[in-house]
file coords24.txt (compact mmCIF, C-alpha atoms and all ligand atoms)
# COMPACT_ATOMS: atom_id res chain seq x y z
CA MET Y 14 95.22 83.09 104.14
CA LEU Y 15 94.21 81.80 100.71
CA THR Y 16 92.04 84.45 99.01
CA GLU Y 17 89.86 83.73 96.00
CA MET Y 18 92.47 85.30 93.72
CA MET Y 19 95.23 83.26 95.34
CA ARG Y 20 93.22 80.11 94.63
CA LYS Y 21 93.05 81.19 90.99
CA ALA Y 22 96.78 81.96 90.99
CA GLU Y 23 97.52 78.56 92.55
CA HIS Y 24 95.40 76.83 89.89
CA GLU Y 25 97.14 78.79 87.11
CA MET Y 26 100.62 77.99 88.45
CA VAL Y 27 99.76 74.27 88.58
CA VAL Y 28 98.57 74.38 84.95
CA CYS Y 29 101.63 76.43 83.90
CA ASN Y 30 103.96 74.05 85.73
CA ALA Y 31 102.57 71.19 83.66
CA CYS Y 32 102.56 73.18 80.41
CA ARG Y 33 105.84 75.15 80.72
CA TYR Y 34 105.42 76.74 77.30
CA CYS Y 35 106.37 80.15 78.75
CA GLU Y 36 109.40 79.01 80.74
CA ALA Y 37 111.87 81.18 78.83
CA TYR Y 38 109.83 84.37 79.19
CA CYS Y 39 110.69 85.56 82.67
CA PRO Y 40 111.89 84.65 86.17
CA VAL Y 41 108.32 83.91 87.33
CA PHE Y 42 108.21 80.70 85.31
CA GLN Y 43 111.76 79.74 86.28
CA ALA Y 44 110.97 80.25 89.98
CA MET Y 45 107.67 78.38 89.51
CA GLU Y 46 109.52 75.35 88.15
CA GLN Y 47 111.48 75.13 91.41
CA ARG Y 48 108.22 74.45 93.22
CA VAL Y 49 105.74 71.59 93.25
CA THR Y 50 103.06 73.18 95.44
CA PHE Y 51 102.14 76.84 95.77
CA GLN Y 52 101.55 78.16 99.27
CA PRO Y 53 100.35 81.78 99.81
CA ALA Y 54 104.00 82.78 100.49
CA ASP Y 55 105.11 81.34 97.11
CA LEU Y 56 102.25 83.06 95.30
CA THR Y 57 103.06 86.40 96.95
CA TYR Y 58 106.70 86.05 95.92
CA LEU Y 59 105.84 85.09 92.32
CA ALA Y 60 103.29 87.92 92.05
CA ASN Y 61 105.88 90.49 93.11
CA LEU Y 62 108.46 88.98 90.77
CA CYS Y 63 106.09 89.43 87.79
CA HIS Y 64 106.81 92.61 85.81
CA ASN Y 65 103.41 92.58 84.10
CA CYS Y 66 105.15 92.50 80.71
CA GLY Y 67 102.08 90.76 79.28
CA GLU Y 68 104.04 88.26 77.20
CA CYS Y 69 102.48 85.13 78.70
CA LEU Y 70 98.87 86.20 78.08
CA TYR Y 71 99.13 86.40 74.30
CA ALA Y 72 101.23 83.22 74.13
CA CYS Y 73 98.77 81.17 76.13
CA GLN Y 74 96.54 78.66 74.38
CA TYR Y 75 94.38 78.49 77.54
CA ALA Y 76 93.76 82.26 77.78
CA PRO Y 77 90.15 83.54 77.65
CA PRO Y 78 87.84 82.71 75.89
CA HIS Y 79 89.27 79.21 76.59
CA GLU Y 80 87.36 77.61 79.47
CA PHE Y 81 90.58 77.33 81.57
CA ASN Y 82 90.54 81.16 81.69
CA ILE Y 83 94.31 81.46 82.28
CA ASP Y 84 95.43 85.11 82.52
CA VAL Y 85 98.66 85.03 84.52
CA PRO Y 86 99.50 88.79 84.25
CA ARG Y 87 96.08 89.89 85.50
CA THR Y 88 95.83 87.27 88.25
CA LEU Y 89 99.32 88.04 89.59
CA SER Y 90 98.52 91.75 89.34
CA ARG Y 91 95.61 91.26 91.78
CA VAL Y 92 97.63 89.02 94.11
CA ARG Y 93 100.31 91.74 94.13
CA VAL Y 94 97.86 94.39 95.31
CA GLU Y 95 96.48 91.98 97.94
CA SER Y 96 100.06 91.51 99.17
CA TYR Y 97 100.57 95.31 99.42
CA GLU Y 98 97.45 95.42 101.60
CA SER Y 99 98.54 92.54 103.83
CA PHE Y 100 101.98 94.08 104.52
CA ALA Y 101 100.70 97.61 105.23
CA TRP Y 102 101.58 99.14 108.58
CA PRO Y 103 99.55 100.19 110.50
CA SER Y 104 97.16 97.53 109.20
CA PHE Y 105 94.07 99.79 109.08
CA ALA Y 106 95.87 101.95 106.48
CA ALA Y 107 95.57 99.01 104.02
CA VAL Y 108 92.21 100.54 103.06
CA ALA Y 109 94.21 103.13 101.06
CA PHE Y 110 95.15 100.39 98.55
CA ARG Y 111 91.43 99.74 97.97
CA ARG Y 112 90.61 103.42 97.44
CA PRO Y 113 93.72 105.03 95.92
CA TRP Y 114 91.95 108.15 94.62
CA THR Y 115 90.25 108.83 97.97
CA ALA Y 116 93.59 108.28 99.74
CA THR Y 117 95.33 110.71 97.37
CA ILE Y 118 92.65 113.39 97.78
CA VAL Y 119 92.64 113.02 101.59
CA ALA Y 120 96.47 113.29 101.61
CA LEU Y 121 96.31 116.41 99.40
CA ILE Y 122 93.76 118.04 101.70
CA ALA Y 123 95.95 117.13 104.71
CA GLY Y 124 98.95 118.64 102.89
CA VAL Y 125 97.12 121.96 102.34
CA LEU Y 126 95.73 122.01 105.91
CA ILE Y 127 99.23 121.47 107.32
CA CYS Y 128 101.21 123.78 105.00
CA ALA Y 129 98.84 126.76 104.66
CA PRO Y 130 98.69 127.67 108.40
CA VAL Y 131 102.50 127.66 108.75
CA ALA Y 132 102.94 130.05 105.79
CA ARG Y 133 103.72 133.60 106.92
CA THR Y 134 102.60 135.22 103.65
CA PHE Y 135 100.93 134.30 100.35
CA THR Y 136 102.32 137.12 98.18
CA VAL Y 137 105.44 139.26 98.05
CA ARG Y 138 105.22 142.91 97.11
CA ALA Y 139 107.43 143.43 94.09
CA THR Y 140 108.19 141.38 91.00
CA GLY Y 141 111.90 140.58 90.53
CA GLN Y 142 112.58 140.21 94.27
CA SER Y 143 114.95 137.42 95.11
CA ALA Y 144 112.91 134.34 96.10
CA ASP Y 145 113.20 133.89 99.84
CA PHE Y 146 111.41 130.59 100.50
CA TYR Y 147 112.23 130.66 104.19
CA ASN Y 148 110.50 134.00 104.55
CA VAL Y 149 107.31 132.18 103.53
CA ILE Y 150 107.78 129.05 105.68
CA ARG Y 151 110.58 129.07 108.25
CA HIS Y 152 113.44 126.65 107.56
CA ASP Y 153 113.13 124.88 110.92
CA VAL Y 154 109.37 124.46 110.43
CA MET Y 155 109.96 122.96 106.96
CA VAL Y 156 112.63 120.56 108.24
CA THR Y 157 110.49 119.45 111.20
CA LEU Y 158 107.40 118.92 109.04
CA PHE Y 159 109.07 116.93 106.27
CA GLY Y 160 111.43 115.19 108.70
CA VAL Y 161 108.58 113.79 110.82
CA VAL Y 162 106.37 112.75 107.86
CA GLY Y 163 109.40 111.40 105.93
CA LEU Y 164 110.65 109.33 108.89
CA PHE Y 165 107.16 107.90 109.42
CA ALA Y 166 106.96 106.92 105.72
CA VAL Y 167 110.40 105.29 105.85
CA ALA Y 168 109.44 103.36 109.03
CA ALA Y 169 106.12 102.17 107.50
CA ILE Y 170 107.88 101.05 104.30
CA ALA Y 171 110.65 99.32 106.29
CA ILE Y 172 108.05 97.39 108.34
CA GLY Y 173 106.24 96.37 105.12
CA HIS Y 174 109.54 95.24 103.63
CA ARG Y 175 110.32 93.22 106.76
CA ARG Y 176 106.93 91.53 106.57
CA PHE Y 177 107.51 90.70 102.89
CA ALA Y 178 111.07 89.50 103.55
CA GLY Y 179 109.68 87.33 106.37
CA ILE Y 180 107.60 85.31 103.92
CA ALA Y 181 109.94 85.60 100.93
CA SER Y 182 113.21 84.98 102.75
CA HIS Y 183 115.53 82.47 101.23
CA GLU Y 184 116.81 79.78 103.56
CA GLY Y 185 119.67 78.71 101.28
CA SER Y 186 123.32 79.59 101.67
CA ARG Y 187 124.36 83.23 101.40
CA TYR Y 188 127.73 82.14 100.01
CA GLY Y 189 128.57 84.34 97.04
CA GLU Y 190 125.95 86.88 98.20
CA LEU Y 191 127.65 89.69 96.26
CA GLY Y 192 126.78 88.02 92.94
CA PRO Y 193 123.02 87.81 93.57
CA ARG Y 194 122.98 91.34 94.96
CA GLN Y 195 124.80 92.72 91.92
CA ARG Y 196 122.53 90.87 89.52
CA ALA Y 197 119.39 91.98 91.35
CA THR Y 198 120.64 95.60 91.36
CA ARG Y 199 121.27 95.41 87.62
CA ASP Y 200 117.76 93.94 87.13
CA VAL Y 201 116.28 96.91 89.01
CA LEU Y 202 118.36 99.59 87.30
CA THR Y 203 117.79 98.28 83.76
CA LEU Y 204 114.27 96.81 84.21
CA ARG Y 205 115.75 93.80 82.44
CA HIS Y 206 112.62 91.70 82.85
CA LEU Y 207 110.45 94.12 80.93
CA HIS Y 208 112.36 92.79 77.94
CA ALA Y 209 113.71 89.55 79.34
CA THR Y 210 113.79 87.69 76.04
CA GLY Y 211 115.57 90.57 74.32
CA GLU Y 212 112.35 91.84 72.77
CA ASP Y 213 110.30 94.67 74.24
CA CYS Y 214 107.24 93.89 76.29
CA VAL Y 215 103.73 94.07 74.91
CA ASP Y 216 100.96 96.62 75.43
CA GLY Y 217 98.43 94.65 73.39
CA GLU Y 218 98.38 91.75 70.98
CA GLU Y 219 101.13 92.27 68.38
CA GLN Y 220 102.00 95.65 69.96
CA ARG Y 221 105.60 95.56 71.05
CA GLN Y 222 107.16 98.88 72.10
CA PRO Y 223 110.10 100.05 74.23
CA TRP Y 224 108.19 103.05 75.61
CA ARG Y 225 106.96 101.56 78.86
CA ARG Y 226 110.53 100.73 79.90
CA TRP Y 227 112.00 104.07 78.77
CA LEU Y 228 109.22 106.09 80.41
CA HIS Y 229 109.72 104.14 83.63
CA HIS Y 230 113.43 104.99 83.44
CA CYS Y 231 112.52 108.70 83.08
CA THR Y 232 110.27 108.37 86.15
CA PHE Y 233 112.69 106.31 88.27
CA TYR Y 234 115.85 108.32 87.45
CA GLY Y 235 113.90 111.62 87.56
CA PHE Y 236 112.81 110.72 91.08
CA ALA Y 237 116.37 109.74 92.04
CA LEU Y 238 117.73 113.08 90.72
CA CYS Y 239 115.10 115.04 92.67
CA LEU Y 240 116.15 113.16 95.82
CA ALA Y 241 119.80 113.94 95.04
CA SER Y 242 118.92 117.63 94.55
CA THR Y 243 117.24 117.81 97.97
CA THR Y 244 120.17 116.00 99.61
CA VAL Y 245 122.78 118.35 98.09
CA ALA Y 246 120.68 121.38 99.13
CA ALA Y 247 120.48 120.04 102.69
CA ILE Y 248 124.28 119.60 102.77
CA TYR Y 249 124.76 123.15 101.39
CA HIS Y 250 122.54 124.49 104.16
CA ALA Y 251 123.69 122.38 107.12
CA VAL Y 252 127.42 122.02 106.34
CA PHE Y 253 128.34 125.16 104.40
CA GLY Y 254 125.64 127.52 105.65
CA TRP Y 255 124.68 128.42 102.03
CA VAL Y 256 121.01 129.36 102.15
CA ALA Y 257 118.45 128.90 99.30
CA PRO Y 258 117.52 130.18 96.73
CA TYR Y 259 120.46 128.81 94.73
CA ALA Y 260 121.56 130.01 91.28
CA TYR Y 261 120.03 128.35 88.21
CA THR Y 262 123.49 126.88 87.48
CA SER Y 263 124.01 125.44 91.00
CA ALA Y 264 124.06 121.66 91.62
CA PRO Y 265 120.73 121.46 93.50
CA VAL Y 266 118.86 123.47 90.85
CA ALA Y 267 120.48 121.62 87.92
CA LEU Y 268 119.74 118.20 89.48
CA GLY Y 269 116.19 119.25 90.38
CA THR Y 270 115.49 120.65 86.90
CA VAL Y 271 116.68 117.54 85.03
CA GLY Y 272 114.97 115.27 87.60
CA GLY Y 273 111.77 117.33 87.44
CA LEU Y 274 111.71 117.11 83.63
CA GLY Y 275 112.12 113.31 83.89
CA LEU Y 276 109.25 113.27 86.37
CA VAL Y 277 107.06 115.18 83.91
CA ILE Y 278 107.94 113.18 80.78
CA GLY Y 279 107.88 109.75 82.51
CA PRO Y 280 104.54 109.92 84.35
CA ALA Y 281 102.78 111.86 81.53
CA GLY Y 282 103.94 109.27 78.98
CA LEU Y 283 103.03 106.32 81.23
CA LEU Y 284 99.55 107.79 81.78
CA ALA Y 285 99.02 108.09 78.03
CA LEU Y 286 100.38 104.57 77.47
CA ASP Y 287 98.32 103.01 80.27
CA LEU Y 288 95.08 104.45 78.93
CA ARG Y 289 95.67 102.53 75.70
CA ARG Y 290 97.12 99.34 77.25
CA ASP Y 291 95.02 96.16 76.98
CA PRO Y 292 92.97 96.08 80.25
CA ALA Y 293 93.12 92.26 80.21
CA LEU Y 294 96.79 92.55 81.24
CA THR Y 295 96.34 94.27 84.59
CA HIS Y 296 93.74 94.01 87.35
CA ALA Y 297 91.59 97.15 87.77
CA SER Y 298 92.83 97.60 91.36
CA GLU Y 299 96.45 97.87 90.19
CA ARG Y 300 95.55 100.15 87.30
CA ALA Y 301 93.85 102.54 89.76
CA LEU Y 302 96.92 102.49 92.04
CA GLY Y 303 99.13 103.31 89.04
CA PHE Y 304 96.93 106.18 87.83
CA ALA Y 305 96.72 107.77 91.29
CA PHE Y 306 100.50 107.55 91.79
CA LEU Y 307 101.26 108.89 88.30
CA THR Y 308 98.92 111.83 88.93
CA ILE Y 309 100.53 112.87 92.22
CA LEU Y 310 104.04 112.46 90.75
CA LEU Y 311 103.01 114.68 87.85
CA LEU Y 312 101.48 117.29 90.17
CA THR Y 313 104.72 117.31 92.21
CA SER Y 314 107.02 117.80 89.23
CA VAL Y 315 104.86 120.35 87.40
CA THR Y 316 104.40 122.56 90.49
CA GLY Y 317 108.13 122.18 91.32
CA LEU Y 318 109.21 123.35 87.87
CA LEU Y 319 106.64 126.17 87.91
CA LEU Y 320 107.99 127.32 91.25
CA LEU Y 321 111.49 127.38 89.84
CA ALA Y 322 110.47 129.33 86.74
CA LEU Y 323 108.27 131.80 88.62
CA ARG Y 324 110.23 132.15 91.83
CA GLU Y 325 110.71 135.88 91.42
CA ARG Y 326 107.03 136.65 90.85
CA PRO Y 327 104.73 138.14 93.53
CA TYR Y 328 102.65 134.95 93.80
CA MET Y 329 105.71 132.78 94.54
CA PRO Y 330 104.60 132.16 98.21
CA MET Y 331 101.25 130.78 97.06
CA LEU Y 332 102.99 128.49 94.56
CA LEU Y 333 105.45 127.36 97.25
CA VAL Y 334 102.63 126.43 99.64
CA ILE Y 335 100.81 124.49 96.90
CA HIS Y 336 104.01 122.66 95.89
CA LEU Y 337 104.93 121.78 99.47
CA ALA Y 338 101.38 120.59 100.19
CA ILE Y 339 101.61 118.22 97.20
CA VAL Y 340 105.06 116.97 98.22
CA LEU Y 341 103.76 116.32 101.74
CA ALA Y 342 100.81 114.38 100.27
CA LEU Y 343 103.29 112.35 98.18
CA PHE Y 344 105.29 111.53 101.34
CA ILE Y 345 102.09 110.55 103.21
CA THR Y 346 100.96 108.20 100.42
CA PHE Y 347 104.37 106.59 99.77
CA PRO Y 348 103.76 103.57 102.06
CA TYR Y 349 100.10 103.21 101.00
CA GLY Y 350 100.20 103.32 97.22
CA LYS Y 351 101.95 102.17 94.07
CA PHE Y 352 105.36 103.33 95.36
CA VAL Y 353 105.73 100.12 97.41
CA HIS Y 354 105.95 98.04 94.21
CA GLY Y 355 109.59 99.10 93.90
CA VAL Y 356 110.42 97.87 97.41
CA TYR Y 357 108.70 94.47 97.12
CA ARG Y 358 109.76 93.89 93.53
CA GLY Y 359 113.37 94.68 94.44
CA ALA Y 360 113.18 92.16 97.32
CA ALA Y 361 111.60 89.53 95.03
CA LEU Y 362 114.33 90.03 92.43
CA LEU Y 363 116.99 89.55 95.10
CA LYS Y 364 115.33 86.33 96.28
CA PHE Y 365 115.18 85.10 92.68
CA ARG Y 366 118.90 85.75 92.14
CA ARG Y 367 119.69 84.01 95.45
CA GLU Y 368 117.65 80.94 94.52
CA GLU Y 369 119.34 80.89 91.15
CA SER Y 370 122.83 80.89 92.70
CA VAL Y 371 122.25 77.84 94.95
C1 LIG L 401 113.11 98.53 92.70
C2 LIG L 401 112.76 99.49 91.89
C3 LIG L 401 111.68 99.40 90.86
C4 LIG L 401 111.33 98.37 90.01
C5 LIG L 401 112.00 97.02 89.83
C6 LIG L 401 110.17 98.82 89.27
C7 LIG L 401 109.53 98.09 88.29
C8 LIG L 401 108.32 98.41 87.75
C9 LIG L 401 107.56 97.61 86.82
C10 LIG L 401 108.03 96.26 86.28
C11 LIG L 401 106.41 98.25 86.55
C12 LIG L 401 105.29 97.78 85.62
C13 LIG L 401 104.42 96.80 86.36
C14 LIG L 401 103.59 97.43 87.43
O1 LIG L 401 102.78 98.32 87.12
O2 LIG L 401 103.75 97.04 88.59
C15 LIG L 401 106.43 99.48 87.29
C16 LIG L 401 105.42 100.43 87.29
C17 LIG L 401 105.57 101.71 87.77
N1 LIG L 401 106.67 102.21 88.44
FE1 LIG L 401 108.25 101.17 89.04
N2 LIG L 401 109.85 100.09 89.67
C18 LIG L 401 110.74 100.48 90.65
C19 LIG L 401 110.76 101.70 91.32
C20 LIG L 401 109.99 102.79 90.97
C21 LIG L 401 110.14 104.12 91.51
C22 LIG L 401 111.21 104.55 92.53
C23 LIG L 401 109.18 104.90 90.93
C24 LIG L 401 108.90 106.35 91.07
C25 LIG L 401 109.03 107.01 92.16
C26 LIG L 401 108.41 104.04 90.05
C27 LIG L 401 107.31 104.42 89.33
C28 LIG L 401 106.45 103.55 88.69
C29 LIG L 401 105.15 103.91 88.19
C30 LIG L 401 104.54 105.31 88.24
C31 LIG L 401 104.59 102.75 87.63
C32 LIG L 401 103.21 102.61 87.01
C33 LIG L 401 103.39 102.76 85.57
C34 LIG L 401 102.21 102.27 84.86
O3 LIG L 401 101.10 102.36 85.38
O4 LIG L 401 102.43 101.77 83.74
N3 LIG L 401 108.95 102.77 90.11
N4 LIG L 401 107.59 99.57 88.01
S1 LIG L 402 100.61 80.90 80.53
FE1 LIG L 402 99.56 79.38 79.27
S2 LIG L 402 101.05 78.83 77.70
FE2 LIG L 402 102.20 79.87 79.31
S3 LIG L 402 102.93 78.21 80.64
FE3 LIG L 402 100.98 78.93 81.48
S4 LIG L 402 99.44 77.57 80.61
FE4 LIG L 402 101.29 77.36 79.36
S1 LIG L 403 103.39 88.99 82.58
FE1 LIG L 403 105.51 88.85 81.92
S2 LIG L 403 106.65 88.98 83.84
FE2 LIG L 403 104.54 88.43 84.40
S3 LIG L 403 104.49 86.21 84.44
FE3 LIG L 403 103.89 86.81 82.36
S4 LIG L 403 105.81 86.76 81.17
FE4 LIG L 403 106.35 86.81 83.35

call {"tool": "encode", "arguments": {"input": "coords24.txt", "output": "structure tokens"}}
result
Amino acid sequence: MLTEMMRKAEHEMVVCNACRYCEAYCPVFQAMEQRVTFQPADLTYLANLCHNCGECLYACQYAPPHEFNIDVPRTLSRVRVESYESFAWPSFAAVAFRRPWTATIVALIAGVLICAPVARTFTVRATGQSADFYNVIRHDVMVTLFGVVGLFAVAAIAIGHRRFAGIASHEGSRYGELGPRQRATRDVLTLRHLHATGEDCVDGEEQRQPWRRWLHHCTFYGFALCLASTTVAAIYHAVFGWVAPYAYTSAPVALGTVGGLGLVIGPAGLLALDLRRDPALTHASERALGFAFLTILLLTSVTGLLLLALRERPYMPMLLVIHLAIVLALFITFPYGKFVHGVYRGAALLKFRREESV
């Protein structure tokens, strides 16, 4: 279905395809040049390929206040959010993309309502006691809770990805598939297209800084290290029978501490940066999604690090319940918030590299 914003995006792509001034800036313009008409599927693909670097707004001679009103970053930003909504599963949950703060608060309340009743205590008697997390919430209860919610989130994201891949699939030959996959992986891991021309992306007119990319790296790799920490801890428990809490020097704690610090520095820095970024670059709906996601990531990492530092204090059980409630809320909102940008953008980058290799 062609929404009002898609009509605007279609108009802008037709103008850009005639103008081509920005063709060297990023893959969006290169992919655009491969097309003569722009169907909703093309616009969805191009919107998810855009990294919102902002370059093409300040370069454009037809940008507002010009009557053509061309603002490619903002238009594609809105089309991107519309695509997140259209791929959501179950479909009624798409409402969460329209009200990200309400969705986050509802998920946090659900997290507390689920975690608090399964806690066996909220304080321990003496300071300096070794932190026995499973005395607060039983290990099997924790695994069941996070296993069920985690599997649901993975299934919902996988269905969304399938829906996106359905419209953005590339019919061309898969010969040499390894090359496109490697290039797309490198694009993801380096965020190459946030500085595609070699220069850093812009936060405002004449404001070129590397911070957005570096802070995203802190967030992305911090998140990956926290996942690695949980995975190693699960292997320790299930394979070796080593039960938490682990020493401060152990692999799970070291990975979680470095990852947690990345997840504090990255989201806090991005929040500060976003508040000052030119609002003309991003649609308000995507800004709200970003702020809500950054806030819940920050809550997760801060409470996680506090729990680590204060794990031998009497109020450890209370802190554990709060932290787990926030993590559960994060899991619940994964398929219905900003997190999905990584999945769709990764798929769009792979499609771009495939098209390029034909
Ligand atoms: C395929 C992997 C990923 C790619 C290519 C990617 C790329 C990007 C890009 C280009 C932006 C800026 C444009 C926008 O706001 O949409 C962005 C924003 C963001 N990304 Fe990612 N990302 C990926 C995965 C992740 C992951 C795994 C996380 C954290 C769990 C993450 C956290 C964020 C956050 C919090 C923002 C919003 C920042 C802001 O508002 O400025 N990203 N991402
Ligand atoms: S954004 Fe403006 S300058 Fe760039 S290609 Fe489009 S119309 Fe031309
Ligand atoms: S904002 Fe950046 S990534 Fe998006 S279309 Fe413009 S130049 Fe390309």

call {"tool": "closest_residue", "arguments": {"input": "coords24.txt", "among": "Y:Gly355, Y:Arg48, Y:Arg226, Y:Glu190", "to": "Thr203 in chain Y", "atoms": "all atoms listed in the file"}}
result
Y:Arg226

call {"tool": "residues_around", "arguments": {"input": "coords24.txt", "residues": "Ala247 in chain Y", "least_positions_apart": "5", "cutoff": "12 Å", "atoms": "all atoms listed in the file", "output": "ChimeraX atom specification"}}
result
/Y:152,155-156,160,240-242,252-257,259,264-265

call {"tool": "atom_distance", "arguments": {"input": "coords24.txt", "atom1": "CA of Glu80 in chain Y", "atom2": "atom FE1 of ligand LIG 402 (chain L)"}}
result
12.3 Å

call {"tool": "residues_around", "arguments": {"input": "coords24.txt", "residues": "Phe135 in chain Y", "least_positions_apart": "3", "cutoff": "9 Å", "atoms": "only C-alpha atoms", "output": "list in words"}}
result
Ala129, Ala132, Val149, Pro327, Tyr328, Met329, Pro330, Met331, Leu332, Leu333 and Val334 of chain Y

call {"tool": "closest_atom_pairs", "arguments": {"input": "coords24.txt", "of": "chain Y", "to": "ligand LIG 403 (chain L)", "cutoff": "10 Å", "atoms": "all atoms listed in the file", "output": "JSON lines"}}
result
{"residue": "Y:Met26", "atom": "CA", "partner": "L:LIG403", "partner_atom": "S3", "distance": 9.9}
{"residue": "Y:Cys35", "atom": "CA", "partner": "L:LIG403", "partner_atom": "S4", "distance": 7.1}
{"residue": "Y:Glu36", "atom": "CA", "partner": "L:LIG403", "partner_atom": "S4", "distance": 8.6}
{"residue": "Y:Ala37", "atom": "CA", "partner": "L:LIG403", "partner_atom": "S4", "distance": 8.6}
{"residue": "Y:Tyr38", "atom": "CA", "partner": "L:LIG403", "partner_atom": "S4", "distance": 5.1}
{"residue": "Y:Cys39", "atom": "CA", "partner": "L:LIG403", "partner_atom": "FE4", "distance": 4.6}
{"residue": "Y:Pro40", "atom": "CA", "partner": "L:LIG403", "partner_atom": "FE4", "distance": 6.6}
{"residue": "Y:Val41", "atom": "CA", "partner": "L:LIG403", "partner_atom": "FE4", "distance": 5.3}
{"residue": "Y:Phe42", "atom": "CA", "partner": "L:LIG403", "partner_atom": "FE4", "distance": 6.7}
{"residue": "Y:Gln43", "atom": "CA", "partner": "L:LIG403", "partner_atom": "FE4", "distance": 9.4}
{"residue": "Y:Met45", "atom": "CA", "partner": "L:LIG403", "partner_atom": "S3", "distance": 9.9}
{"residue": "Y:Leu59", "atom": "CA", "partner": "L:LIG403", "partner_atom": "S3", "distance": 8.1}
{"residue": "Y:Ala60", "atom": "CA", "partner": "L:LIG403", "partner_atom": "FE2", "distance": 7.8}
{"residue": "Y:Asn61", "atom": "CA", "partner": "L:LIG403", "partner_atom": "FE2", "distance": 9.1}
{"residue": "Y:Leu62", "atom": "CA", "partner": "L:LIG403", "partner_atom": "S2", "distance": 7.2}
{"residue": "Y:Cys63", "atom": "CA", "partner": "L:LIG403", "partner_atom": "FE2", "distance": 3.9}
{"residue": "Y:His64", "atom": "CA", "partner": "L:LIG403", "partner_atom": "S2", "distance": 4.1}
{"residue": "Y:Asn65", "atom": "CA", "partner": "L:LIG403", "partner_atom": "S1", "distance": 3.9}
{"residue": "Y:Cys66", "atom": "CA", "partner": "L:LIG403", "partner_atom": "FE1", "distance": 3.9}
{"residue": "Y:Gly67", "atom": "CA", "partner": "L:LIG403", "partner_atom": "S1", "distance": 4.0}
{"residue": "Y:Glu68", "atom": "CA", "partner": "L:LIG403", "partner_atom": "S4", "distance": 4.6}
{"residue": "Y:Cys69", "atom": "CA", "partner": "L:LIG403", "partner_atom": "FE3", "distance": 4.3}
{"residue": "Y:Leu70", "atom": "CA", "partner": "L:LIG403", "partner_atom": "FE3", "distance": 6.6}
{"residue": "Y:Tyr71", "atom": "CA", "partner": "L:LIG403", "partner_atom": "FE3", "distance": 9.4}
{"residue": "Y:Ala72", "atom": "CA", "partner": "L:LIG403", "partner_atom": "S4", "distance": 9.1}
{"residue": "Y:Cys73", "atom": "CA", "partner": "L:LIG403", "partner_atom": "FE3", "distance": 9.8}
{"residue": "Y:Asp84", "atom": "CA", "partner": "L:LIG403", "partner_atom": "FE3", "distance": 8.6}
{"residue": "Y:Val85", "atom": "CA", "partner": "L:LIG403", "partner_atom": "FE3", "distance": 5.9}
{"residue": "Y:Pro86", "atom": "CA", "partner": "L:LIG403", "partner_atom": "S1", "distance": 4.2}
{"residue": "Y:Arg87", "atom": "CA", "partner": "L:LIG403", "partner_atom": "S1", "distance": 7.9}
{"residue": "Y:Thr88", "atom": "CA", "partner": "L:LIG403", "partner_atom": "S3", "distance": 9.5}
{"residue": "Y:Leu89", "atom": "CA", "partner": "L:LIG403", "partner_atom": "FE2", "distance": 7.4}
{"residue": "Y:Ser90", "atom": "CA", "partner": "L:LIG403", "partner_atom": "FE2", "distance": 8.5}
{"residue": "Y:His206", "atom": "CA", "partner": "L:LIG403", "partner_atom": "S2", "distance": 6.6}
{"residue": "Y:Leu207", "atom": "CA", "partner": "L:LIG403", "partner_atom": "S2", "distance": 7.0}
{"residue": "Y:His208", "atom": "CA", "partner": "L:LIG403", "partner_atom": "FE1", "distance": 8.8}
{"residue": "Y:Ala209", "atom": "CA", "partner": "L:LIG403", "partner_atom": "S2", "distance": 8.4}
{"residue": "Y:Thr210", "atom": "CA", "partner": "L:LIG403", "partner_atom": "S4", "distance": 9.5}
{"residue": "Y:Cys214", "atom": "CA", "partner": "L:LIG403", "partner_atom": "FE1", "distance": 7.8}
{"residue": "Y:Val215", "atom": "CA", "partner": "L:LIG403", "partner_atom": "FE1", "distance": 8.9}
{"residue": "Y:Leu294", "atom": "CA", "partner": "L:LIG403", "partner_atom": "S1", "distance": 7.6}
{"residue": "Y:Thr295", "atom": "CA", "partner": "L:LIG403", "partner_atom": "S1", "distance": 9.0}

call {"tool": "residues_near_point", "arguments": {"input": "coords24.txt", "point": "(115.6, 119.1, 86.5)", "cutoff": "10 Å", "atoms": "all atoms listed in the file", "output": "number ranges by chain"}}
result
Y: 235-236, 238-239, 242, 265-277, 314, 317-318, 321

call {"tool": "residues_near_ligand", "arguments": {"input": "coords24.txt", "ligand": "ligand LIG 401 (chain L)", "cutoff": "7 Å", "atoms": "all atoms listed in the file", "output": "PyMOL selection string"}}
result
chain Y and resi 64-65+201+204+207+225+229+232-233+236+280+283-284+287+300+303-304+306-307+351-352+354-356+358-359

call {"tool": "axis_aligned_box", "arguments": {"input": "coords24.txt", "around": "range 159-170 of chain Y", "padding_each_side": "6 Å", "output": "JSON"}}
result
{"center_x": 108.8, "center_y": 109.0, "center_z": 107.6, "size_x": 17.3, "size_y": 27.9, "size_z": 18.5}

call {"tool": "atom_distance", "arguments": {"input": "coords24.txt", "atom1": "CA of Thr117 in chain Y", "atom2": "CA of Tyr97 in chain Y"}}
result
16.4 Å

call {"tool": "atom_distance", "arguments": {"input": "coords24.txt", "atom1": "CA of Leu343 in chain Y", "atom2": "CA of Leu363 in chain Y"}}
result
26.8 Å

call {"tool": "residues_around", "arguments": {"input": "coords24.txt", "residues": "Pro258 in chain Y", "least_positions_apart": "6", "cutoff": "12 Å", "atoms": "all atoms listed in the file", "output": "count of residues only"}}
result
17

call {"tool": "closest_residue", "arguments": {"input": "coords24.txt", "among": "Y:Phe347, Y:Phe81, Y:Phe51, Y:Tyr75", "to": "ligand LIG 402 (chain L)", "atoms": "only C-alpha atoms and all ligand atoms"}}
result
Y:Tyr75
